[in-house]
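J.: Contents of model-v2.csv (CSV, C-alpha atoms and all ligand atoms):
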chain,number,residue,atom,x,y,z
A,4,MET,CA,56.2,76.5,87.2
A,5,GLN,CA,58.6,77.5,90.0
A,6,SER,CA,60.3,74.7,91.8
A,7,PRO,CA,60.5,74.8,95.6
A,8,ALA,CA,63.7,75.7,97.4
A,9,ALA,CA,66.9,74.5,95.9
A,10,ILE,CA,69.0,71.8,97.4
A,11,ARG,CA,72.6,72.9,98.2
A,12,VAL,CA,75.7,70.8,97.8
A,13,GLU,CA,77.9,72.3,100.5
A,14,LEU,CA,81.5,72.3,99.3
A,15,GLY,CA,82.9,75.6,100.5
A,16,THR,CA,83.6,78.0,97.6
A,17,ARG,CA,82.6,75.3,95.2
A,18,SER,CA,79.1,74.9,96.7
A,19,TYR,CA,76.2,74.7,94.2
A,20,GLU,CA,72.5,74.4,93.9
A,21,ILE,CA,70.4,71.6,92.5
A,22,ARG,CA,67.0,72.7,91.3
A,23,VAL,CA,64.4,70.0,91.0
A,24,GLY,CA,60.9,70.5,89.7
A,25,ALA,CA,58.5,70.3,86.8
A,26,GLY,CA,59.0,72.9,84.1
A,27,ASN,CA,62.5,73.9,85.3
A,28,LEU,CA,64.1,73.9,81.8
A,29,SER,CA,62.5,77.2,81.0
A,30,ALA,CA,64.3,78.8,84.0
A,31,LEU,CA,67.8,77.6,83.0
A,32,GLY,CA,68.9,80.9,81.7
A,33,ARG,CA,67.5,82.9,84.6
A,34,TRP,CA,69.3,80.6,87.1
A,35,LEU,CA,72.6,80.6,85.2
A,36,GLU,CA,72.7,84.4,84.8
A,37,PRO,CA,74.0,85.3,88.2
A,38,LEU,CA,76.6,82.5,88.1
A,39,ALA,CA,78.1,82.8,84.6
A,40,ARG,CA,81.4,84.4,84.1
A,41,GLY,CA,80.7,85.4,80.6
A,42,PRO,CA,77.9,85.6,78.0
A,43,ARG,CA,78.9,82.6,75.9
A,44,VAL,CA,77.6,79.1,76.5
A,45,ALA,CA,78.1,75.8,74.7
A,46,LEU,CA,75.2,73.4,74.9
A,47,LEU,CA,76.5,69.8,74.7
A,48,THR,CA,73.8,67.2,73.9
A,49,ASP,CA,73.0,64.2,71.7
A,50,PRO,CA,70.7,64.2,68.7
A,51,ALA,CA,67.7,62.6,70.4
A,52,VAL,CA,67.8,65.0,73.3
A,53,ASP,CA,68.5,67.9,71.1
A,54,ALA,CA,65.4,67.1,69.0
A,55,LEU,CA,63.3,67.0,72.1
A,56,TYR,CA,64.6,69.7,74.4
A,57,GLY,CA,67.4,71.6,72.5
A,58,GLU,CA,65.1,74.4,71.4
A,59,ALA,CA,63.6,75.0,74.9
A,60,ALA,CA,67.1,75.1,76.4
A,61,ARG,CA,68.4,77.5,73.8
A,62,ALA,CA,65.3,79.7,74.1
A,63,SER,CA,65.7,80.0,77.9
A,64,LEU,CA,69.4,80.8,77.6
A,65,ALA,CA,68.9,83.3,74.8
A,66,SER,CA,66.2,85.1,76.8
A,67,SER,CA,68.7,85.7,79.6
A,68,GLY,CA,71.1,87.2,77.1
A,69,PHE,CA,73.4,84.2,76.5
A,70,SER,CA,74.9,83.5,73.1
A,71,VAL,CA,74.5,79.7,72.6
A,72,ALA,CA,76.5,77.3,70.4
A,73,THR,CA,75.3,73.7,70.2
A,74,VAL,CA,77.7,70.8,70.2
A,75,ILE,CA,76.2,67.5,69.3
A,76,VAL,CA,77.7,64.2,70.3
A,77,PRO,CA,76.3,61.0,68.8
A,78,GLU,CA,74.2,58.9,71.3
A,79,GLY,CA,75.6,56.0,73.1
A,80,GLU,CA,78.1,54.9,75.7
A,81,GLU,CA,80.7,54.2,73.0
A,82,HIS,CA,81.1,57.9,72.4
A,83,LYS,CA,82.0,58.5,76.1
A,84,SER,CA,85.6,57.8,74.9
A,85,LEU,CA,88.9,59.5,74.3
A,86,ALA,CA,88.0,59.8,70.6
A,87,GLY,CA,84.6,61.3,71.5
A,88,LEU,CA,86.3,63.7,73.9
A,89,ALA,CA,88.8,64.8,71.2
A,90,ARG,CA,85.9,65.7,68.9
A,91,VAL,CA,84.3,67.7,71.7
A,92,TYR,CA,87.5,69.7,72.3
A,93,GLU,CA,87.7,70.5,68.6
A,94,ARG,CA,84.1,71.6,68.4
A,95,LEU,CA,84.6,73.8,71.5
A,96,ALA,CA,87.5,75.4,69.8
A,97,GLU,CA,85.5,75.9,66.6
A,98,VAL,CA,82.6,77.6,68.3
A,99,GLY,CA,84.9,79.9,70.3
A,100,VAL,CA,84.6,78.6,73.8
A,101,GLU,CA,86.7,80.8,76.1
A,102,ARG,CA,87.8,80.7,79.8
A,103,THR,CA,84.7,82.6,80.8
A,104,SER,CA,82.3,80.4,78.8
A,105,THR,CA,80.1,77.8,80.5
A,106,LEU,CA,79.6,74.3,79.1
A,107,ILE,CA,76.0,73.0,79.6
A,108,ALA,CA,75.4,69.2,79.6
A,109,LEU,CA,71.9,68.5,78.4
A,110,GLY,CA,71.4,64.8,78.4
A,111,GLY,CA,71.8,61.6,80.3
A,112,GLY,CA,74.9,60.3,82.2
A,113,VAL,CA,76.9,59.8,79.1
A,114,ILE,CA,76.6,63.4,78.0
A,115,GLY,CA,77.0,64.5,81.7
A,116,ASP,CA,80.2,62.5,82.2
A,117,LEU,CA,81.7,63.5,78.9
A,118,SER,CA,80.8,67.2,79.2
A,119,GLY,CA,82.0,67.3,82.7
A,120,PHE,CA,85.4,65.9,81.8
A,121,ALA,CA,85.7,68.2,78.8
A,122,ALA,CA,84.9,71.1,81.1
A,123,ALA,CA,87.4,69.9,83.7
A,124,THR,CA,90.2,69.9,81.1
A,125,TYR,CA,89.5,72.3,78.2
A,126,LEU,CA,91.6,75.4,78.7
A,127,ARG,CA,92.6,73.8,82.0
A,128,GLY,CA,89.1,74.0,83.3
A,129,ILE,CA,85.9,75.9,82.5
A,130,ASP,CA,82.6,76.1,84.3
A,131,PHE,CA,79.9,73.6,83.6
A,132,VAL,CA,76.2,73.1,84.4
A,133,GLN,CA,74.3,69.8,84.4
A,134,VAL,CA,70.8,69.6,82.9
A,135,PRO,CA,70.2,65.9,83.4
A,136,THR,CA,67.4,64.4,81.3
A,137,THR,CA,67.3,60.7,82.4
A,138,LEU,CA,66.1,59.6,85.8
A,139,LEU,CA,69.6,58.0,86.5
A,140,ALA,CA,71.3,61.3,85.7
A,141,GLN,CA,68.8,63.4,87.8
A,142,VAL,CA,69.2,61.2,90.9
A,143,ASP,CA,72.8,60.2,90.5
A,144,SER,CA,75.3,61.1,87.8
A,145,ALA,CA,74.7,64.8,87.5
A,146,ILE,CA,75.4,65.3,91.2
A,147,GLY,CA,78.8,65.1,92.8
A,148,GLY,CA,81.3,66.0,90.2
A,149,LYS,CA,82.6,62.6,89.0
A,150,THR,CA,83.3,63.0,85.3
A,151,GLY,CA,85.2,60.9,82.8
A,152,VAL,CA,85.4,58.6,79.9
A,153,ASN,CA,85.8,54.9,79.2
A,154,LEU,CA,88.8,53.1,77.9
A,155,ARG,CA,88.5,49.9,75.9
A,156,VAL,CA,89.8,48.0,78.9
A,157,GLY,CA,87.3,49.4,81.4
A,158,LYS,CA,84.6,52.0,82.2
A,159,ASN,CA,85.3,55.4,83.7
A,160,LEU,CA,89.1,54.8,84.0
A,161,VAL,CA,90.0,58.3,82.9
A,162,GLY,CA,88.4,61.3,84.6
A,163,ALA,CA,88.4,64.1,87.1
A,164,VAL,CA,86.3,65.4,90.0
A,165,HIS,CA,85.0,68.7,88.6
A,166,GLN,CA,81.9,70.0,90.3
A,167,PRO,CA,79.2,71.7,88.2
A,168,ARG,CA,78.2,75.3,89.1
A,169,LEU,CA,74.5,74.4,89.0
A,170,VAL,CA,72.2,71.4,88.4
A,171,VAL,CA,68.8,71.9,86.8
A,172,ALA,CA,66.6,68.8,86.9
A,173,ASP,CA,63.2,69.1,85.1
A,174,VAL,CA,61.0,66.0,85.9
A,175,ASP,CA,58.8,66.8,82.9
A,176,LEU,CA,61.7,65.7,80.7
A,177,LEU,CA,61.3,62.1,82.0
A,178,ARG,CA,58.0,61.7,80.1
A,179,SER,CA,59.8,61.1,76.8
A,180,LEU,CA,62.3,58.6,78.3
A,181,PRO,CA,62.1,55.0,77.0
A,182,ARG,CA,60.3,52.9,79.6
A,183,ARG,CA,63.3,50.7,80.2
A,184,GLU,CA,65.5,53.7,81.0
A,185,LEU,CA,62.9,55.1,83.4
A,186,VAL,CA,62.5,51.8,85.2
A,187,GLY,CA,66.2,51.3,85.3
A,188,GLY,CA,66.6,54.7,87.1
A,189,MET,CA,64.2,53.5,89.7
A,190,ALA,CA,66.7,50.9,90.8
A,191,GLU,CA,69.0,53.8,92.0
A,192,VAL,CA,66.0,55.4,93.7
A,193,VAL,CA,65.3,52.1,95.6
A,194,LYS,CA,69.0,52.0,96.5
A,195,TYR,CA,68.8,55.4,98.2
A,196,GLY,CA,65.7,54.3,100.1
A,197,VAL,CA,67.4,51.1,101.4
A,198,ILE,CA,70.8,52.7,102.4
A,199,LEU,CA,69.8,56.1,103.6
A,200,SER,CA,66.0,56.7,103.9
A,201,PRO,CA,63.4,54.5,105.4
A,202,SER,CA,60.8,57.2,104.6
A,203,LEU,CA,61.7,57.3,100.9
A,204,PHE,CA,61.5,53.5,100.9
A,205,ALA,CA,58.0,53.6,102.4
A,206,TYR,CA,56.9,56.3,100.0
A,207,LEU,CA,58.0,54.1,97.0
A,208,GLU,CA,56.1,51.2,98.4
A,209,GLU,CA,52.9,53.3,98.8
A,210,ASN,CA,53.1,55.4,95.6
A,211,ARG,CA,54.2,52.9,93.0
A,212,ASP,CA,51.1,53.6,90.9
A,213,LEU,CA,51.7,57.4,90.9
A,214,LEU,CA,55.3,56.9,89.8
A,215,ASP,CA,54.1,54.4,87.1
A,216,ALA,CA,51.8,57.1,85.8
A,217,LEU,CA,54.6,59.6,85.9
A,218,ASP,CA,52.7,61.8,88.3
A,219,ARG,CA,54.6,65.2,88.4
A,220,ASP,CA,54.4,65.6,92.2
A,221,ALA,CA,55.4,62.1,92.9
A,222,LEU,CA,58.4,62.3,90.5
A,223,THR,CA,59.4,65.7,91.9
A,224,TYR,CA,59.3,64.3,95.5
A,225,VAL,CA,61.4,61.2,94.6
A,226,VAL,CA,64.0,63.1,92.5
A,227,ARG,CA,64.3,65.8,95.2
A,228,GLU,CA,64.7,63.3,98.0
A,229,CYS,CA,67.4,61.3,96.1
A,230,ALA,CA,69.2,64.5,95.0
A,231,ALA,CA,69.2,65.8,98.6
A,232,LEU,CA,70.6,62.5,99.9
A,233,LYS,CA,73.4,62.4,97.3
A,234,ALA,CA,74.2,66.0,98.0
A,235,LYS,CA,74.7,65.3,101.6
A,236,VAL,CA,76.9,62.3,101.0
A,237,VAL,CA,79.0,64.2,98.5
A,238,ALA,CA,79.4,67.2,100.9
A,239,GLU,CA,80.7,64.8,103.5
A,240,ASP,CA,83.0,62.8,101.3
A,241,GLU,CA,83.7,64.4,97.9
A,242,HIS,CA,86.6,62.1,97.0
A,243,GLU,CA,85.1,58.8,98.2
A,244,SER,CA,87.6,58.2,101.0
A,245,GLY,CA,84.8,56.7,103.1
A,246,LEU,CA,81.1,57.4,103.3
A,247,ARG,CA,80.5,58.0,99.5
A,248,ALA,CA,81.3,54.3,98.8
A,249,ILE,CA,77.9,53.4,100.3
A,250,LEU,CA,76.4,54.7,97.0
A,251,ASN,CA,78.0,51.6,95.4
A,252,PHE,CA,75.4,49.4,97.3
A,253,GLY,CA,74.2,46.8,94.9
A,254,HIS,CA,76.9,47.8,92.4
A,255,THR,CA,79.5,45.2,93.2
A,256,LEU,CA,77.5,42.5,91.6
A,257,GLY,CA,75.7,45.0,89.3
A,258,HIS,CA,78.9,46.1,87.6
A,259,ALA,CA,80.2,42.5,87.4
A,260,LEU,CA,76.9,41.4,85.7
A,261,GLU,CA,77.1,44.2,83.2
A,262,ALA,CA,80.7,43.3,82.4
A,263,ALA,CA,80.1,39.5,82.3
A,264,THR,CA,77.3,40.1,79.7
A,265,GLU,CA,79.4,42.6,77.8
A,266,TYR,CA,77.0,45.5,78.5
A,267,ARG,CA,74.4,43.9,76.1
A,268,SER,CA,71.8,42.2,78.2
A,269,TYR,CA,70.9,44.7,80.8
A,270,VAL,CA,70.6,48.5,81.2
A,271,HIS,CA,72.6,49.6,84.2
A,272,GLY,CA,69.6,49.9,86.5
A,273,GLU,CA,68.5,46.3,85.8
A,274,ALA,CA,71.9,44.9,86.7
A,275,VAL,CA,71.9,47.1,89.8
A,276,ALA,CA,68.4,45.7,90.8
A,277,ILE,CA,69.8,42.2,90.6
A,278,GLY,CA,72.8,43.5,92.6
A,279,LEU,CA,70.5,45.1,95.2
A,280,ALA,CA,68.6,41.8,95.6
A,281,PHE,CA,71.9,40.0,96.1
A,282,ALA,CA,73.2,42.6,98.6
A,283,VAL,CA,70.1,42.3,100.8
A,284,GLY,CA,70.3,38.5,100.6
A,285,VAL,CA,74.0,38.7,101.8
A,286,SER,CA,72.9,41.2,104.5
A,287,VAL,CA,70.3,38.8,105.8
A,288,ARG,CA,72.9,36.0,106.1
A,289,ARG,CA,75.8,38.1,107.4
A,290,HIS,CA,74.5,41.3,108.9
A,291,GLY,CA,71.2,40.5,110.6
A,292,PHE,CA,69.1,42.4,108.0
A,293,PRO,CA,65.6,41.2,108.8
A,294,PRO,CA,64.3,38.7,106.1
A,295,THR,CA,60.9,40.5,106.1
A,296,LEU,CA,62.7,43.7,105.0
A,297,ALA,CA,64.7,41.8,102.4
A,298,ASN,CA,61.4,40.5,101.0
A,299,ARG,CA,60.0,44.0,100.9
A,300,VAL,CA,63.0,45.3,98.9
A,301,ILE,CA,62.6,42.4,96.4
A,302,ARG,CA,58.9,42.9,96.1
A,303,LEU,CA,59.3,46.7,95.5
A,304,LEU,CA,62.0,46.1,92.8
A,305,GLU,CA,59.8,43.5,91.1
A,306,SER,CA,56.6,45.7,91.3
A,307,LEU,CA,58.6,48.5,89.6
A,308,GLY,CA,59.3,46.1,86.8
A,309,LEU,CA,62.9,45.3,87.7
A,310,PRO,CA,64.6,41.9,87.6
A,311,THR,CA,66.0,40.5,90.9
A,312,CYS,CA,67.3,37.1,90.0
A,313,LEU,CA,70.6,36.1,88.4
A,314,PRO,CA,70.2,34.5,85.0
A,315,ALA,CA,70.8,30.8,85.3
A,316,GLU,CA,73.2,30.8,82.3
A,317,ILE,CA,75.7,33.0,84.1
A,318,ARG,CA,78.2,31.1,86.2
A,319,PRO,CA,79.3,32.4,89.6
A,320,GLU,CA,82.9,32.0,88.6
A,321,ALA,CA,82.5,34.4,85.7
A,322,LEU,CA,80.9,37.0,88.0
A,323,VAL,CA,83.6,36.6,90.6
A,324,ARG,CA,86.2,37.1,87.9
A,325,ALA,CA,84.4,40.3,86.8
A,326,MET,CA,84.3,41.5,90.4
A,327,ALA,CA,88.0,40.9,90.8
A,328,THR,CA,88.8,43.1,87.8
A,329,ASP,CA,86.4,46.0,88.9
A,330,LYS,CA,88.5,49.0,89.8
A,331,LYS,CA,87.0,49.2,93.3
A,332,LYS,CA,88.6,45.9,94.4
A,333,ASP,CA,91.6,45.6,96.5
A,334,GLN,CA,93.7,42.6,95.3
A,335,ASP,CA,91.7,39.5,95.9
A,336,ARG,CA,89.3,41.1,98.3
A,337,VAL,CA,86.2,43.1,97.6
A,338,LYS,CA,84.8,45.8,99.8
A,339,PHE,CA,81.2,44.8,100.1
A,340,ILE,CA,78.4,47.1,101.3
A,341,GLY,CA,75.7,45.5,103.3
A,342,VAL,CA,72.7,46.7,105.4
A,343,GLU,CA,71.8,46.0,109.0
A,344,ASP,CA,68.5,47.8,108.7
A,345,LEU,CA,66.9,50.2,106.3
A,346,GLY,CA,69.1,53.3,106.4
A,347,ARG,CA,72.0,51.6,108.2
A,348,THR,CA,74.9,50.3,106.1
A,349,ARG,CA,77.9,48.3,107.0
A,350,PHE,CA,81.1,47.7,105.1
A,351,GLU,CA,82.6,44.2,105.0
A,352,VAL,CA,85.7,43.0,103.2
A,353,LEU,CA,84.9,39.7,101.5
A,354,SER,CA,87.3,37.3,99.8
A,355,LEU,CA,86.6,36.2,96.3
A,356,GLY,CA,85.9,32.7,97.7
A,357,GLU,CA,83.3,34.1,100.1
A,358,LEU,CA,81.7,36.0,97.3
A,359,GLU,CA,81.5,32.9,95.2
A,360,GLU,CA,79.9,31.1,98.0
A,361,ALA,CA,77.4,33.9,98.5
A,362,LEU,CA,76.5,33.8,94.8
A,363,ARG,CA,75.9,30.0,95.0
A,364,ALA,CA,73.6,30.6,97.9
A,365,ALA,CA,71.7,33.4,96.1
B,1,LIG,N1,79.3,60.6,87.2
B,1,LIG,C1,78.7,59.7,88.0
B,1,LIG,O1,78.7,59.9,89.2
B,1,LIG,C2,77.9,58.6,87.4
B,1,LIG,C3,77.0,57.9,88.1
B,1,LIG,C4,76.2,56.9,87.5
B,1,LIG,C5,76.3,56.6,86.2
B,1,LIG,N2,77.2,57.4,85.4
B,1,LIG,C6,77.3,57.2,84.0
B,1,LIG,O2,76.1,57.5,83.4
B,1,LIG,C7,76.0,56.8,82.1
B,1,LIG,C8,74.6,56.3,81.9
B,1,LIG,O3,73.7,57.4,81.9
B,1,LIG,P1,72.2,57.2,81.5
B,1,LIG,O4,71.6,56.0,82.1
B,1,LIG,O5,71.5,58.5,81.7
B,1,LIG,O6,72.2,56.8,79.9
B,1,LIG,P2,72.5,57.7,78.6
B,1,LIG,O7,73.1,59.0,78.9
B,1,LIG,O8,73.1,56.8,77.6
B,1,LIG,O9,71.0,58.0,78.1
B,1,LIG,C9,70.2,56.9,77.7
B,1,LIG,C10,69.5,57.2,76.4
B,1,LIG,O10,68.3,58.0,76.6
B,1,LIG,C11,68.2,59.1,75.7
B,1,LIG,N3,67.6,60.2,76.5
B,1,LIG,C12,68.2,61.0,77.4
B,1,LIG,N4,67.2,61.8,78.0
B,1,LIG,C13,66.1,61.5,77.3
B,1,LIG,C14,64.8,62.0,77.4
B,1,LIG,N5,64.5,62.9,78.4
B,1,LIG,N6,63.8,61.5,76.6
B,1,LIG,C15,64.1,60.6,75.7
B,1,LIG,N7,65.3,60.1,75.5
B,1,LIG,C16,66.3,60.5,76.3
B,1,LIG,C17,69.6,59.4,75.3
B,1,LIG,O11,69.7,59.9,74.0
B,1,LIG,C18,70.3,58.0,75.3
B,1,LIG,O12,70.1,57.3,74.1
B,1,LIG,C19,77.1,55.8,82.1
B,1,LIG,O13,78.1,56.1,81.2
B,1,LIG,C20,77.6,55.8,83.6
B,1,LIG,O14,78.9,55.4,83.7
B,1,LIG,C21,78.0,58.4,86.0
B,2,ZN,ZN,74.4,53.1,89.4
Starting from the file, lay out its structure as structure tokens.
Ligand SMILES: NC(=O)c1ccc[n+]([C@@H]2O[C@H](COP(=O)([O-])OP(=O)(O)OC[C@H]3O[C@@H](n4cnc5c(N)ncnc54)[C@H](O)[C@@H]3O)[C@@H](O)[C@H]2O)c1
Ligand SMILES: [Zn+2]
T.:
Amino acid sequence: MQSPAAIRVELGTRSYEIRVGAGNLSALGRWLEPLARGPRVALLTDPAVDALYGEAARASLASSGFSVATVIVPEGEEHKSLAGLARVYERLAEVGVERTSTLIALGGGVIGDLSGFAAATYLRGIDFVQVPTTLLAQVDSAIGGKTGVNLRVGKNLVGAVHQPRLVVADVDLLRSLPRRELVGGMAEVVKYGVILSPSLFAYLEENRDLLDALDRDALTYVVRECAALKAKVVAEDEHESGLRAILNFGHTLGHALEAATEYRSYVHGEAVAIGLAFAVGVSVRRHGFPPTLANRVIRLLESLGLPTCLPAEIRPEALVRAMATDKKKDQDRVKFIGVEDLGRTRFEVLSLGELEEALRAA
């Protein structure tokens, strides 16, 4: 099936297209052909994704004349590390990746971030393509060129901005995604609706059942809308000197909650959902966000199967401590993103005391 028109990320000579649609994986080779600088590609993926979609990706690339080497990285966030990266470099050397080769990331955000940083740095930079296979990766991490790895002391502390040459999102791949991962990705979708698109928000409210049933058209619409919104934000502010920070809506608390629970209790999207509920609550109290809208946001998150309440056993002080060590803070103040209305964000600098107070009121 042919996807409708591509979305463009406008970044001058580094502009690229995002193709969103059902069945897109089979067109990967055809779309890459006019962009590739050479006939060799390395397909970087994890064992689970390789078993599901590796063959289809290789077949599409081979039918367009590419010679494909597969590099497998074990599943899991712990492999998005300097040690994991070193293994990737060695494998790229073994399979003969050259300056003109293209690295293709087939997987979720872990594979995308690791591949992107490997591509940014191997041979001082080679081309790469994102083929995101999770909802989170399709609507968020595959777009915008943020790449990197974790250190033991914190997530994503080493990285580079390296834009892909192409993003190919196939919504059919989401069918095999564990339910929790799919629902988690929906938290990011709701985030886009709240901060940037009242029409997307209304669509989500009205079509929850179709999304629940993984309806192809509904998924295509939602992923396309989110990808287009992110593309626009990235084109305006590639290096997060201003606008791009709105994408962290719900993440101030979300990241803190993940850290405070040692990344064990929640998938990212679940922590973000609790963060979104908190952010709209703060917005009601401080930014005039209408309470009826806040209730709609919370109802939507809950109807999608996402949590919205902080667990009672986590103390506000622990969360504030975690917020204070998040890399986006500025000394003892945190840049908090609120909303005045659907689609209208507002930045506010909050002291850690004010945050703790807000957490107690939540
Ligand atoms: N670069 C960015 O801008 C950005 C933005 C947000 C998040 N991230 C990063 O993304 C990472 C999280 O990514 P994620 O949520 O995609 O998780 P993930 O990459 O760990 O994937 C989750 C799991 O799903 C499996 N999987 C992937 N696709 C599948 C499919 N189609 N069917 C069945 N199983 C599948 C994977 O094997 C993995 O076990 C984090 O490291 C985070 O820091 C980066
Ligand atoms: Zn997120």
J.: Could you tell me, counting all atoms listed in the file, which protein and nucleic acid residues lie no more than 7 Å from ligand LIG 1 (chain B), written as a VMD selection string?
T.: chain A and resid 49 to 52 78 to 80 83 110 to 114 116 136 to 140 143 to 150 158 to 159 176 to 181 184 271
J.: For a cut-off of 7 Å around (69.3, 82.3, 81.2), file coordinates, pick out all residues using only C-alpha atoms and list them as a compact mmCIF listing (two decimals) with C-alpha atoms, in the frame of the given file.
T.:
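The resulting file, out-v8.txt, is reproduced below:
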# COMPACT_ATOMS: atom_id res chain seq x y z
CA ALA A 30 64.30 78.80 84.00
CA LEU A 31 67.80 77.60 83.00
CA GLY A 32 68.90 80.90 81.70
CA ARG A 33 67.50 82.90 84.60
CA TRP A 34 69.30 80.60 87.10
CA LEU A 35 72.60 80.60 85.20
CA GLU A 36 72.70 84.40 84.80
CA SER A 63 65.70 80.00 77.90
CA LEU A 64 69.40 80.80 77.60
CA ALA A 65 68.90 83.30 74.80
CA SER A 66 66.20 85.10 76.80
CA SER A 67 68.70 85.70 79.60
CA GLY A 68 71.10 87.20 77.10
CA PHE A 69 73.40 84.20 76.50
J.: Kindly give the distance, in Å, that separates CA of Ala230 in chain A and CA of Val142 in chain A, rounded to a single decimal.
T.: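 Here the two named atoms are 5.3 Å from each other.
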J.: Would you write out, as a Markdown table, a table of all residues in chain A that have an atom no more than 12 Å from an atom of ligand ZN 2 (chain B), listing for each the closest atom pair and the distance in Å to one decimal, considering all atoms listed in the file and ordering rows by chain and rising residue number?
T.:
| residue | atom | partner | partner_atom | distance |
| --- | --- | --- | --- | --- |
| A:Gly112 | CA | B:ZN2 | ZN | 10.2 |
| A:Leu138 | CA | B:ZN2 | ZN | 11.1 |
| A:Leu139 | CA | B:ZN2 | ZN | 7.4 |
| A:Ala140 | CA | B:ZN2 | ZN | 9.5 |
| A:Gln141 | CA | B:ZN2 | ZN | 11.8 |
| A:Val142 | CA | B:ZN2 | ZN | 9.7 |
| A:Asp143 | CA | B:ZN2 | ZN | 7.4 |
| A:Ser144 | CA | B:ZN2 | ZN | 8.2 |
| A:Ala145 | CA | B:ZN2 | ZN | 11.9 |
| A:Gly187 | CA | B:ZN2 | ZN | 9.3 |
| A:Gly188 | CA | B:ZN2 | ZN | 8.3 |
| A:Met189 | CA | B:ZN2 | ZN | 10.2 |
| A:Ala190 | CA | B:ZN2 | ZN | 8.1 |
| A:Glu191 | CA | B:ZN2 | ZN | 6.0 |
| A:Val192 | CA | B:ZN2 | ZN | 9.7 |
| A:Val193 | CA | B:ZN2 | ZN | 11.1 |
| A:Lys194 | CA | B:ZN2 | ZN | 9.0 |
| A:Tyr195 | CA | B:ZN2 | ZN | 10.7 |
| A:Ala248 | CA | B:ZN2 | ZN | 11.7 |
| A:Ile249 | CA | B:ZN2 | ZN | 11.5 |
| A:Leu250 | CA | B:ZN2 | ZN | 8.0 |
| A:Asn251 | CA | B:ZN2 | ZN | 7.2 |
| A:Phe252 | CA | B:ZN2 | ZN | 8.8 |
| A:Gly253 | CA | B:ZN2 | ZN | 8.4 |
| A:His254 | CA | B:ZN2 | ZN | 6.6 |
| A:Thr255 | CA | B:ZN2 | ZN | 10.1 |
| A:Leu256 | CA | B:ZN2 | ZN | 11.3 |
| A:Gly257 | CA | B:ZN2 | ZN | 8.2 |
| A:His258 | CA | B:ZN2 | ZN | 8.5 |
| A:Glu261 | CA | B:ZN2 | ZN | 11.2 |
| A:Val270 | CA | B:ZN2 | ZN | 10.1 |
| A:His271 | CA | B:ZN2 | ZN | 6.5 |
| A:Gly272 | CA | B:ZN2 | ZN | 6.5 |
| A:Glu273 | CA | B:ZN2 | ZN | 9.7 |
| A:Ala274 | CA | B:ZN2 | ZN | 9.0 |
| A:Val275 | CA | B:ZN2 | ZN | 6.5 |
| A:Ala276 | CA | B:ZN2 | ZN | 9.6 |
| A:Ile277 | CA | B:ZN2 | ZN | 11.9 |
| A:Gly278 | CA | B:ZN2 | ZN | 10.2 |
| A:Leu279 | CA | B:ZN2 | ZN | 10.6 |
J.: Skip Glu101 in chain A itself and residues of its chain fewer than 5 positions away, then list as number ranges by chain all residues within 12 Å of it, counting all atoms listed in the file.
T.: A: 40-45, 92, 95-96, 106, 122, 125-130
J.: Just checking: using all atoms listed in the file, which residue out of A:Glu320, A:Glu20, A:Glu343, A:Asp53 ends up closest to Ile198 in chain A?
T.: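 Among the listed residues, the smallest separation from Ile198 in chain A belongs to A:Glu343.
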J.: Using all atoms listed in the file, can you tell me which of A:Leu303, A:Ala262, A:Ala221, A:Val226 comes closest to Glu208 in chain A?
T.: A:Leu303
J.: Considering only C-alpha atoms, state which residue in the set A:Ser306, A:Thr73, A:Val152, A:Ile301 is at the smallest distance from Glu58 in chain A.
T.: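 Of all the options, A:Thr73 lies closest to Glu58 in chain A.
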J.: Identify, on the basis of all atoms listed in the file, every residue whose closest approach to range 281-294 of chain A does not exceed 7 Å; exclude the query and any residue fewer than 5 positions from it along the same chain; express the result as a PyMOL selection string.
T.: chain A and resi 253+341-344+361+365
J.: Report, in Å with one decimal, the straight-line distance from CA of Leu154 in chain A to CA of Leu117 in chain A.
T.: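 Value for the CA of Leu154 in chain A-CA of Leu117 in chain A distance: 12.6 Å.
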J.: Have a look at A:Arg324, A:Glu351, A:Gln133, A:Thr311 and name the one nearest to Val337 in chain A; count all atoms listed in the file.
T.: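 Closest candidate: A:Glu351.
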J.: I need the residue nearest Leu217 in chain A from this list: A:Ala54, A:Val174, A:Lys235, A:Arg61. Use all atoms listed in the file for the distance.
T.: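 With all atoms listed in the file as the atom set, the closest residue is A:Val174.
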J.: For a test of reading the model, state the distance in Å between CA of Ala216 in chain A and CA of Pro135 in chain A, rounded to one decimal.
T.: 20.5 Å
J.: Using all atoms listed in the file, which of the listed residues (A:Leu46, A:Ala297, A:Ala231, A:Leu246) sits closest to Ala62 in chain A?
T.: A:Leu46
J.: Quick one: residues within 7 Å of Phe131 in chain A, all atoms listed in the file, excluding same-chain residues fewer than 4 positions away - as an mmCIF file with C-alpha atoms, keeping the file's coordinate frame?
T.:
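Result written to part.cif:
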data_model
loop_
_atom_site.group_PDB
_atom_site.id
_atom_site.type_symbol
_atom_site.label_atom_id
_atom_site.label_comp_id
_atom_site.auth_asym_id
_atom_site.auth_seq_id
_atom_site.Cartn_x
_atom_site.Cartn_y
_atom_site.Cartn_z
ATOM 1 C CA THR A 105 80.100 77.800 80.500
ATOM 2 C CA LEU A 106 79.600 74.300 79.100
ATOM 3 C CA ILE A 107 76.000 73.000 79.600
ATOM 4 C CA GLY A 119 82.000 67.300 82.700
ATOM 5 C CA ALA A 122 84.900 71.100 81.100
ATOM 6 C CA PRO A 167 79.200 71.700 88.200
ATOM 7 C CA ARG A 168 78.200 75.300 89.100
#
J.: Quick one: residues within 10 Å of (78.4, 41.3, 82.8) (file frame), counting only C-alpha atoms, please, as a VMD selection string.
T.: chain A and resid 256 to 269 274 317 321 to 322 325 to 326
